[in-house]
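Asks: One file is attached below, start-v6.cif, containing mmCIF, C-alpha atoms.
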```
data_my_file
loop_
_atom_site.label_atom_id
_atom_site.label_comp_id
_atom_site.auth_asym_id
_atom_site.auth_seq_id
_atom_site.Cartn_x
_atom_site.Cartn_y
_atom_site.Cartn_z
CA MET M 1 -88.85 -29.24 169.53
CA SER M 2 -85.82 -27.13 168.68
CA SER M 3 -82.95 -26.35 170.98
CA LEU M 4 -80.47 -23.54 171.50
CA TRP M 5 -76.88 -24.09 172.53
CA THR M 6 -75.68 -21.82 175.31
CA PRO M 7 -72.45 -21.84 177.31
CA GLY M 8 -74.50 -23.38 180.13
CA GLY M 9 -75.67 -26.26 177.94
CA GLU M 10 -78.36 -27.03 175.40
CA ARG M 11 -81.75 -25.49 176.14
CA PRO M 12 -85.06 -26.59 174.56
CA VAL M 13 -86.88 -23.91 172.59
CA PRO M 14 -90.66 -24.28 172.68
CA PRO M 15 -92.57 -23.73 169.43
CA PRO M 16 -94.39 -20.41 169.15
CA PRO M 17 -97.86 -20.50 170.67
CA SER M 18 -100.50 -21.22 168.06
CA SER M 19 -103.89 -19.59 168.02
CA GLY M 20 -105.41 -22.69 166.46
CA GLY M 21 -106.25 -24.21 169.82
CA GLY M 22 -104.94 -27.63 168.84
CA GLN M 23 -103.32 -30.06 171.18
CA PRO M 24 -100.10 -28.92 172.84
CA PRO M 25 -96.89 -30.47 171.51
CA PRO M 26 -95.70 -33.59 173.32
CA LYS M 27 -93.29 -33.00 176.16
CA PRO M 28 -89.73 -34.24 175.57
CA PRO M 29 -88.73 -37.34 177.51
CA PRO M 30 -86.92 -36.60 180.78
CA GLY M 31 -83.16 -36.50 180.44
CA PRO M 32 -80.73 -38.67 182.37
CA ALA M 33 -79.44 -35.79 184.50
CA ARG M 34 -82.72 -34.83 186.11
CA GLU M 35 -86.35 -35.73 185.79
CA PRO M 36 -88.83 -32.86 185.89
CA ALA M 37 -91.68 -33.02 188.34
CA PRO M 38 -94.97 -33.90 186.66
CA ALA M 39 -97.30 -30.97 186.03
CA ASP M 40 -100.44 -31.01 188.17
CA SER M 41 -102.47 -28.91 185.78
CA GLU M 42 -102.42 -27.21 182.39
CA GLU M 43 -101.97 -23.88 184.19
CA GLU M 44 -98.72 -25.11 185.75
CA SER M 45 -97.58 -26.41 182.37
CA ALA M 46 -98.36 -23.02 180.76
CA LEU M 47 -96.37 -21.31 183.49
CA SER M 48 -93.38 -23.45 182.49
CA ASP M 49 -93.76 -22.30 178.90
CA GLU M 50 -93.96 -18.67 180.03
CA GLU M 51 -90.86 -19.11 182.17
CA MET M 52 -89.05 -20.71 179.24
CA GLN M 53 -90.02 -17.85 176.94
CA GLY M 54 -88.83 -15.37 179.55
CA ARG M 55 -85.51 -17.15 179.83
CA MET M 56 -85.16 -17.24 176.04
CA ALA M 57 -85.81 -13.50 175.89
CA GLU M 58 -83.19 -12.97 178.59
CA LEU M 59 -80.67 -15.12 176.71
CA ARG M 60 -81.31 -13.21 173.49
CA ARG M 61 -80.88 -9.89 175.28
CA HIS M 62 -77.67 -11.08 176.90
CA LEU M 63 -76.36 -12.38 173.57
CA SER M 64 -77.19 -9.12 171.78
CA GLU M 65 -75.19 -7.18 174.37
CA ALA M 66 -72.03 -9.27 173.86
CA PRO M 67 -69.56 -8.16 171.17
CA ALA M 68 -69.89 -10.40 168.10
CA TYR M 69 -66.17 -11.29 168.16
CA THR M 70 -66.62 -12.76 171.64
CA VAL M 71 -69.50 -14.96 170.51
CA VAL M 72 -67.66 -16.08 167.35
CA ALA M 73 -64.51 -16.84 169.36
CA ASN M 74 -66.65 -18.88 171.78
CA HIS M 75 -67.91 -20.96 168.87
CA CYS M 76 -64.31 -21.41 167.71
CA PHE M 77 -63.43 -22.81 171.12
CA GLY M 78 -66.37 -25.17 170.73
CA LEU M 79 -64.94 -26.39 167.40
CA PHE M 80 -61.56 -26.86 169.09
CA GLU M 81 -63.20 -29.01 171.77
CA LEU M 82 -65.13 -30.99 169.16
CA ALA M 83 -61.96 -31.77 167.19
CA ALA M 84 -60.07 -32.70 170.34
CA LEU M 85 -62.91 -34.99 171.42
CA HIS M 86 -62.89 -36.88 168.12
CA LEU M 87 -59.11 -37.19 168.20
CA SER M 88 -59.20 -38.56 171.77
CA LEU M 89 -61.68 -41.36 171.07
CA SER M 90 -60.52 -44.93 170.83
CA PRO M 91 -60.35 -45.40 167.91
CA PRO M 92 -60.18 -41.75 166.86
CA LYS M 93 -62.79 -40.44 164.44
CA LEU M 94 -60.39 -38.80 162.02
CA ASP M 95 -62.98 -37.66 159.47
CA ASP M 96 -65.04 -35.91 162.14
CA ALA M 97 -61.92 -34.39 163.71
CA ARG M 98 -60.74 -33.19 160.29
CA LEU M 99 -64.08 -31.48 159.61
CA ALA M 100 -63.96 -29.63 162.94
CA ILE M 101 -60.29 -28.67 162.39
CA ASP M 102 -61.02 -27.39 158.89
CA ALA M 103 -64.04 -25.38 160.12
CA LEU M 104 -61.91 -23.87 162.89
CA ALA M 105 -59.16 -23.06 160.38
CA PHE M 106 -61.59 -21.26 158.06
CA LEU M 107 -62.77 -19.07 160.91
CA VAL M 108 -59.41 -18.41 162.57
CA GLU M 109 -57.46 -17.84 159.36
CA GLY M 110 -60.30 -16.09 157.58
CA LEU M 111 -61.20 -13.68 160.36
CA GLY M 112 -57.68 -13.11 161.72
CA PRO M 113 -57.46 -10.05 163.96
CA ARG M 114 -61.24 -9.58 163.90
CA LEU M 115 -61.34 -12.31 166.59
CA GLY M 116 -59.83 -9.84 169.05
CA GLU M 117 -57.73 -11.04 171.95
CA ALA M 118 -58.72 -14.67 171.31
CA GLN M 119 -56.97 -14.74 167.93
CA GLN M 120 -53.55 -15.87 169.15
CA THR M 121 -54.97 -18.49 171.50
CA LEU M 122 -57.09 -19.89 168.68
CA LYS M 123 -54.14 -19.90 166.25
CA ASP M 124 -52.05 -21.81 168.80
CA GLY M 125 -54.90 -24.25 169.45
CA LEU M 126 -55.37 -24.82 165.73
CA ALA M 127 -51.65 -25.59 165.34
CA GLN M 128 -51.84 -28.09 168.22
CA LEU M 129 -54.87 -29.81 166.71
CA ARG M 130 -53.20 -30.06 163.31
CA LEU M 131 -50.09 -31.58 164.86
CA ALA M 132 -52.13 -34.05 166.91
CA TYR M 133 -54.15 -35.01 163.84
CA VAL M 134 -51.03 -35.75 161.78
CA GLN M 135 -49.43 -37.72 164.62
CA ILE M 136 -52.55 -39.82 165.25
CA ASN M 137 -53.16 -40.33 161.55
CA SER M 138 -49.55 -41.52 161.05
CA ALA M 139 -49.68 -43.77 164.11
CA MET M 140 -52.78 -45.42 162.69
CA GLY M 141 -50.88 -46.07 159.45
CA GLN M 142 -53.33 -44.15 157.30
CA PRO M 143 -51.27 -41.71 155.26
CA GLY M 144 -53.31 -39.65 152.85
CA ASN M 145 -56.54 -39.89 154.86
CA GLY M 146 -57.41 -36.38 153.66
CA GLU M 147 -54.75 -34.98 155.94
CA ALA M 148 -53.93 -32.19 153.52
CA SER M 149 -56.98 -30.19 154.57
CA ALA M 150 -56.52 -30.74 158.31
CA THR M 151 -52.90 -29.71 158.10
CA GLY M 152 -53.58 -26.54 156.17
CA GLY M 153 -53.01 -27.71 152.60
CA ALA M 154 -55.43 -27.85 149.73
CA GLU M 155 -57.93 -30.66 149.34
CA PRO M 156 -56.85 -33.24 146.77
CA ALA M 157 -58.71 -32.89 143.46
#
```
Any chance you could put this one into structure tokens?
Replies:
Amino acid sequence: MSSLWTPGGERPVPPPPSSGGGQPPPKPPPGPAREPAPADSEEESALSDEEMQGRMAELRRHLSEAPAYTVVANHCFGLFELAALHLSLSPPKLDDARLAIDALAFLVEGLGPRLGEAQQTLKDGLAQLRLAYVQINSAMGQPGNGEASATGGAEPA
């Protein structure tokens, strides 16, 4: 089963209904946050699928109405959070943080003013992440751990 990330969290995406009449796909195991009530019948289960498809259609409509720069900037903020998370772990995951920082840099520096009003905030956040990366990397005594890319330089050949 696929999933779709939304600002409200990750949502499962059911497979398209098949006309083959085979067995329905297995239900995902209940998550730790909440356990769904068991379905009393196939009709109730089908209603869940219909509701899910309706919600997916609503999410798609809502997403299509948002300006693209807003959605792209939202993903940039997600990359910022991902990099910050990896830097804050004990011990930090520098390679994962560097990948997220580099991805954010490609978007922020590559798109520039096309990011709209979020551009300056994202530039400032990128600078903060780069500084934190260098400080953590130095404190760990690992100079040259690919820091050139995370700090804005070229990758070593």
Asks: Of the candidates M:Ser64, M:Ser88, M:Ser48, M:Asn74, which shows the shortest atom-to-atom distance to Val108 (chain M), using all atoms listed in the file?
Replies: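 Checking each candidate against Val108 (chain M), we get M:Asn74 as the closest.
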Asks: Name every residue that the PyMOL selection byres ((chain M and resi 114) around 10) selects in this structure, writing the answer as a short mmCIF file (atom, residue, chain, number, x, y, z; two decimals) with C-alpha atoms, in the frame of the given file with chains first and numbers rising.
Replies:
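Generated file (selection.cif):
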```
data_model
loop_
_atom_site.label_atom_id
_atom_site.label_comp_id
_atom_site.auth_asym_id
_atom_site.auth_seq_id
_atom_site.Cartn_x
_atom_site.Cartn_y
_atom_site.Cartn_z
CA ALA M 68 -69.89 -10.40 168.10
CA TYR M 69 -66.17 -11.29 168.16
CA THR M 70 -66.62 -12.76 171.64
CA VAL M 72 -67.66 -16.08 167.35
CA ALA M 73 -64.51 -16.84 169.36
CA VAL M 108 -59.41 -18.41 162.57
CA GLY M 110 -60.30 -16.09 157.58
CA LEU M 111 -61.20 -13.68 160.36
CA GLY M 112 -57.68 -13.11 161.72
CA PRO M 113 -57.46 -10.05 163.96
CA LEU M 115 -61.34 -12.31 166.59
CA GLY M 116 -59.83 -9.84 169.05
CA GLU M 117 -57.73 -11.04 171.95
CA ALA M 118 -58.72 -14.67 171.31
CA GLN M 119 -56.97 -14.74 167.93
#
```
Asks: I'd like the interatomic distance between CA of Tyr133 (chain M) and CA of Leu104 (chain M), to a tenth of an Å.
Replies: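 Distance reported for this atom pair: 13.6 Å.
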Asks: Please, what distance in Å, to one decimal, runs between CA of Phe106 (chain M) and CA of Ala139 (chain M)?
Replies: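 Taking CA of Phe106 (chain M) as the start and CA of Ala139 (chain M) as the end point, the length is 26.2 Å.
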Asks: For the atom pair CA of Gly141 (chain M) and CA of Ala105 (chain M), what is the interatomic distance in Å to one decimal place?
Replies: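 One can read the CA of Gly141 (chain M) to CA of Ala105 (chain M) distance as 24.5 Å.
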